[in-house]
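Report on the following structure.
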Amino acid sequence: MLTLDRLAELIAAAALTGAGRRPATSPVVAAAWRSALAEGAGVFAPVAAHPATVQALGAAHRELREVQEAALDAIGGCGEPVASDLVRLHRRVTGLLAADWYDTTDLRRAAAAVLHGEPRRGREIGAVVLFLPQELTPSATALLRELPAAGIRVVAGLTGEERADAGVVETVRGLGAGDGDVAVVAPVTATRVVTASDPDDEVRCVVRLLVRKLAEVPAHRVAVLYGAAEPYARLLAEHLGAAGITANGAVVRPVIERAVPRTLLGLLALPDHGWRRDEVLALLAGAPVRGPDGHLVPASRWERISRAAGVVAGGDWEARLGGYAAAQRSAAARERAWDEPREGLIARLERDAEGADALRGFVAGLRERVEAGAGLSSWAELAGWATGTFRFLLGDIGDEPGLPEGEARAAETVARVVSGLAGLGAVEPVADLTALRLALGLELADDLPRQGRFGTGVLVAPLGSAIGLDADVVFVLGLAEELVPGRLREDALLPERVRVLAPGQLAPLRDRLDRQHRQLLAALAAAPERIVSFPRGDLRRSATRLPSRWLLPSLRALSGQPGLQATRWESVSGAWLDGSPSYAAGLSHGSVLASEQE
């Protein structure tokens, strides 16, 4: 069982690494784009320093890597300044990376070249079953076409909707497989529809139904899918956790949102606002930060002392904490001068003075360390500095007893990412703390480790996980028009009028809707019992919502009204339609309650 890119790696990785090339990670590509923008940003000059610019250009770069030179010439010469400069910078970035790095497109092309030059390698691989292919890029198609034609079997899945199936059909034809033995299928519809006042109550209703179903069906035979990550991913994680239901699938929080990476990134951001007291204390309280003696810092006590001392930012840490410590010691000395001194008060005053001195010294040490980092100008130096700073703040946090699994994994990820940044010097010779923060943020924001083990508990995942899914019960949430399919927004860098200049290489924007529709139909075809839900409104914005256009076939089939329109959905009724008028009504009339709070 391999992905196509893993197969390409087995074929060609040795040749690429033997030539001294390494995988081009997101920070490497981002560094190349910063270098290219520094040389000549063109129309991107006003926003060249913004992190979102590099992210957007990096995404466009990944798409353009599949475009042939002739099509790149057509895009660059179409007369649009943005497209022209995008192609120019794309070629510059590709050139910067070509000698020492390789990306997925390079890997596939190299594997195809190996198979073309050494046919025996393809014969050694043997029979290949391509299972449920979706849209394939030109480089992926070229790799598959180099495998011996007699050894490839394609197992494709159709939904019965022509537009939704177009991407799969085109993929199969691109492999030279023709139409094959294609069965005529009809689109599957839902067996039950649930509606609620808003997404929050919708998730509560689904979790109650899920609790009831788990009394009849094993958890590993149930899937809960959502079309829009916001807000459903977090809501499901919270309510399933409250109900004590074990889940596996996509995690809600990327590594960057964990306490450990937030602490390191927060330290790098402190100079931007002049070392404000609230930001410094938030950093100390957000993770198990250690002092010079190796013990955890008393964050709550230091917060009280700094507030009492009147610290705001900047030089207050030295002046006001020093003055506060001196004042506390003077007060202790005056108390000792009395005939009957209060020893408890004296001890408290002296502890506060010592705490103020300790906090003043700790912040001074942090500032010196950050100032030392600001004087560095190479990635190798910055990577070493970040590793030392990470250990200075948190010690060997991975060995911390009782540390949550997510935080321990985040600590390992941060250490691995930081050590890997030293190699960016080959792409970006000059760097600073701002570049370090951007590189860390980019890599950690994309890191979404999987939650749990597949087959243990309920599968909770986006609709994209429906391809090839086999279950007994499937829940699909969020089927409101505003959420699924939502609005199709034009790509600012590669709009439709530019994409038509590279047919078959740059996918039309409409393909995103067709892909999402195919995923929904695959989810409905994955189980005999299919429960879909949608919110009637959004209480946060006081807005109403209509059922998705892709939910209408189910509403029409279940209601027996072929001409039912989205605006008339409230006129239908039946045992298949389950609704929650409000949160209170769901609790007072429901037979199953999911959590202790309910």
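As shown in the structure tokens, the chain order sets the letters A, B, ...; within each chain, residues go from 1, and ligands are also counted from 1 in the order they appear.
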
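Within range 410-544 of chain A, DSSP run on the backbone puts these residues in strand (DSSP E or B): Arg450, Gln451, Val458, Leu459, Val460, Ala461, Pro462, Val473, Val474, Phe475, Val476, Leu477, Ala480, Glu529, Arg530, Ile531, Val532, Ser533, Phe534, Pro535, Gly537, Asp538, Ala543 and Thr544 of chain A.
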
- Message: Residues within 10 Å of Leu7 in chain A, please, as a PyMOL selection string. Count only C-alpha atoms; anything in the same chain fewer than 3 positions from it doesn't count.
- Response: chain A and resi 1-4+10-13+107-108+111+125+143

Residue subset to file, keeping N, CA, C and O atoms, as a PDB file, in the first residue's frame:
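Below is the file that was written, out_19.pdb:
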ATOM      1  N   MET A   1       0.847  -1.189   0.000  1.00  0.00           N
ATOM      2  CA  MET A   1       0.000   0.000   0.000  1.00  0.00           C
ATOM      3  C   MET A   1       0.884   1.241   0.000  1.00  0.00           C
ATOM      4  O   MET A   1       1.543   1.528   0.999  1.00  0.00           O
ATOM      5  N   LEU A   2       0.911   1.952  -1.104  1.00  0.00           N
ATOM      6  CA  LEU A   2       1.766   3.128  -1.232  1.00  0.00           C
ATOM      7  C   LEU A   2       0.977   4.274  -1.841  1.00  0.00           C
ATOM      8  O   LEU A   2       0.061   4.060  -2.622  1.00  0.00           O
ATOM      9  N   THR A   3       1.355   5.491  -1.488  1.00  0.00           N
ATOM     10  CA  THR A   3       0.881   6.624  -2.273  1.00  0.00           C
ATOM     11  C   THR A   3       1.755   6.727  -3.518  1.00  0.00           C
ATOM     12  O   THR A   3       2.848   6.140  -3.593  1.00  0.00           O
ATOM     13  N   LEU A   4       1.270   7.477  -4.482  1.00  0.00           N
ATOM     14  CA  LEU A   4       2.033   7.610  -5.722  1.00  0.00           C
ATOM     15  C   LEU A   4       3.385   8.281  -5.458  1.00  0.00           C
ATOM     16  O   LEU A   4       4.412   7.892  -6.026  1.00  0.00           O
ATOM     17  N   LEU A  10      10.651   5.741  -3.863  1.00  0.00           N
ATOM     18  CA  LEU A  10      11.374   4.470  -3.923  1.00  0.00           C
ATOM     19  C   LEU A  10      12.148   4.325  -5.224  1.00  0.00           C
ATOM     20  O   LEU A  10      13.219   3.719  -5.266  1.00  0.00           O
ATOM     21  N   ILE A  11      11.608   4.908  -6.300  1.00  0.00           N
ATOM     22  CA  ILE A  11      12.250   4.780  -7.601  1.00  0.00           C
ATOM     23  C   ILE A  11      13.402   5.763  -7.773  1.00  0.00           C
ATOM     24  O   ILE A  11      14.482   5.406  -8.258  1.00  0.00           O
ATOM     25  N   ALA A  12      13.203   7.010  -7.363  1.00  0.00           N
ATOM     26  CA  ALA A  12      14.135   8.071  -7.767  1.00  0.00           C
ATOM     27  C   ALA A  12      14.845   8.790  -6.646  1.00  0.00           C
ATOM     28  O   ALA A  12      15.778   9.560  -6.915  1.00  0.00           O
ATOM     29  N   ALA A  13      14.448   8.600  -5.379  1.00  0.00           N
ATOM     30  CA  ALA A  13      15.061   9.374  -4.295  1.00  0.00           C
ATOM     31  C   ALA A  13      16.558   9.131  -4.201  1.00  0.00           C
ATOM     32  O   ALA A  13      17.339  10.054  -3.941  1.00  0.00           O
ATOM     33  N   LEU A 107      10.543  15.028  -8.042  1.00  0.00           N
ATOM     34  CA  LEU A 107      10.589  13.615  -7.676  1.00  0.00           C
ATOM     35  C   LEU A 107       9.826  12.763  -8.689  1.00  0.00           C
ATOM     36  O   LEU A 107      10.321  11.731  -9.155  1.00  0.00           O
ATOM     37  N   ARG A 108       8.629  13.221  -9.053  1.00  0.00           N
ATOM     38  CA  ARG A 108       7.837  12.452 -10.017  1.00  0.00           C
ATOM     39  C   ARG A 108       8.511  12.431 -11.387  1.00  0.00           C
ATOM     40  O   ARG A 108       8.553  11.388 -12.053  1.00  0.00           O
ATOM     41  N   ALA A 111      11.456  10.102 -11.321  1.00  0.00           N
ATOM     42  CA  ALA A 111      11.026   8.710 -11.330  1.00  0.00           C
ATOM     43  C   ALA A 111      10.578   8.291 -12.728  1.00  0.00           C
ATOM     44  O   ALA A 111      10.891   7.175 -13.184  1.00  0.00           O
ATOM     45  N   ILE A 125       8.825  -3.741 -10.565  1.00  0.00           N
ATOM     46  CA  ILE A 125       7.758  -3.288  -9.666  1.00  0.00           C
ATOM     47  C   ILE A 125       6.581  -4.249  -9.721  1.00  0.00           C
ATOM     48  O   ILE A 125       5.932  -4.515  -8.702  1.00  0.00           O
ATOM     49  N   LEU A 143       4.340   9.921 -14.754  1.00  0.00           N
ATOM     50  CA  LEU A 143       4.979   8.818 -14.041  1.00  0.00           C
ATOM     51  C   LEU A 143       4.211   7.517 -14.246  1.00  0.00           C
ATOM     52  O   LEU A 143       4.808   6.477 -14.544  1.00  0.00           O
TER      53      LEU A 143
END

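Residues with any atom within 8 Å of range 30-47 of chain A, counting only C-alpha atoms and excluding same-chain neighbours fewer than 6 positions away, are Thr53, Val54, Gln55, Leu57, Gly58, Pro81, Val82, Asp85, Leu89, Arg92, Val93, Leu96, Leu97, Leu424, Val427, Glu428 and Ala439 of chain A.
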
- Mind checking which residues fall within 9 Å of range 117-124 of chain A, counting only C-alpha atoms, ignoring those fewer than 6 positions away in the same chain, and posting them as a ChimeraX atom specification? /A:11,146-148,151

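CA of Leu240 in chain A lies 16.6 Å from CA of Phe454 in chain A.
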
- Task: List the neighbours of range 380-392 of chain A out to 10 Å using only C-alpha atoms; skip same-chain residues closer than 5 positions along the sequence, and give me the result as a count of residues only.
- Result: 38

- Message: I'd like the contact shell of range 299-314 of chain A - 10 Å cut-off, only C-alpha atoms, skipping same-chain residues fewer than 4 positions apart - returned as a VMD selection string.
- Response: chain A and resid 271 273 to 289 318 to 325 327 352 to 353 355 to 356 358 to 360

- Task: Write down as a PyMOL selection string the residues belonging to range 136-295 of chain A that are assigned helix (DSSP H, G or I) by DSSP computed on the backbone.
- Result: chain A and resi 138-146+149-151+162-174+199-213+219-221+229-243+255-257+259-273+277-285

- Task: Find the spatial neighbours of Gly76 in chain A, counting only C-alpha atoms, within a cut-off of 8 Å - ignore same-chain residues fewer than 3 positions away - and output them as a VMD selection string.
- Result: chain A and resid 72 to 73 79 to 80 83 to 88

Atoms to include: N, CA and C atoms. Write the selected residues as an mmCIF file, in the first residue's frame.
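Full text of selection37.cif as output:
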data_model
loop_
_atom_site.group_PDB
_atom_site.id
_atom_site.type_symbol
_atom_site.label_atom_id
_atom_site.label_comp_id
_atom_site.auth_asym_id
_atom_site.auth_seq_id
_atom_site.Cartn_x
_atom_site.Cartn_y
_atom_site.Cartn_z
ATOM 1 N N LEU A 72 4.119 28.679 -19.631
ATOM 2 C CA LEU A 72 4.652 29.751 -18.787
ATOM 3 C C LEU A 72 4.940 30.995 -19.610
ATOM 4 N N ASP A 73 5.488 30.796 -20.814
ATOM 5 C CA ASP A 73 5.731 31.941 -21.709
ATOM 6 C C ASP A 73 4.425 32.647 -22.040
ATOM 7 N N GLY A 79 0.308 40.108 -20.850
ATOM 8 C CA GLY A 79 0.081 41.542 -20.711
ATOM 9 C C GLY A 79 -0.357 41.984 -19.332
ATOM 10 N N GLU A 80 -0.514 41.060 -18.406
ATOM 11 C CA GLU A 80 -0.904 41.423 -17.046
ATOM 12 C C GLU A 80 0.344 41.512 -16.173
ATOM 13 N N ALA A 83 0.772 38.661 -13.517
ATOM 14 C CA ALA A 83 1.123 37.367 -14.105
ATOM 15 C C ALA A 83 2.555 37.376 -14.621
ATOM 16 N N SER A 84 2.965 38.483 -15.232
ATOM 17 C CA SER A 84 4.317 38.571 -15.774
ATOM 18 C C SER A 84 5.367 38.458 -14.669
ATOM 19 N N ASP A 85 5.188 39.227 -13.595
ATOM 20 C CA ASP A 85 6.161 39.179 -12.501
ATOM 21 C C ASP A 85 6.083 37.857 -11.741
ATOM 22 N N LEU A 86 4.899 37.268 -11.666
ATOM 23 C CA LEU A 86 4.766 35.973 -11.003
ATOM 24 C C LEU A 86 5.575 34.912 -11.734
ATOM 25 N N VAL A 87 5.475 34.863 -13.052
ATOM 26 C CA VAL A 87 6.229 33.883 -13.828
ATOM 27 C C VAL A 87 7.729 34.157 -13.717
ATOM 28 N N ARG A 88 8.111 35.429 -13.784
ATOM 29 C CA ARG A 88 9.536 35.773 -13.669
ATOM 30 C C ARG A 88 10.104 35.316 -12.326
#

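You can rank A:Leu345, A:Val474, A:Leu16, A:Ala557 by their closest distance to Leu524 in chain A using only C-alpha atoms, and at the top of that list sits A:Val474.
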
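Nearest-residue note for Pro503 in chain A: choosing from A:Glu257, A:Glu9, A:Glu66, A:Asp293, the minimum distance belongs to A:Glu66, counting only C-alpha atoms.
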
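For the atom pair formed by CA of Ser591 in chain A and CA of Tyr226 in chain A, the distance is 25.0 Å, given to one decimal.
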
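Comparing A:Ile245, A:Ile531, A:Val473, A:Leu555 by their smallest distance to Glu570 in chain A, the closest is A:Leu555 (using only C-alpha atoms).
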
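Between Arg62 in chain A and the residues A:Gln505, A:Ser197, A:Ser330, A:Gln519, the shortest atom-to-atom distance, using only C-alpha atoms, involves A:Gln505.
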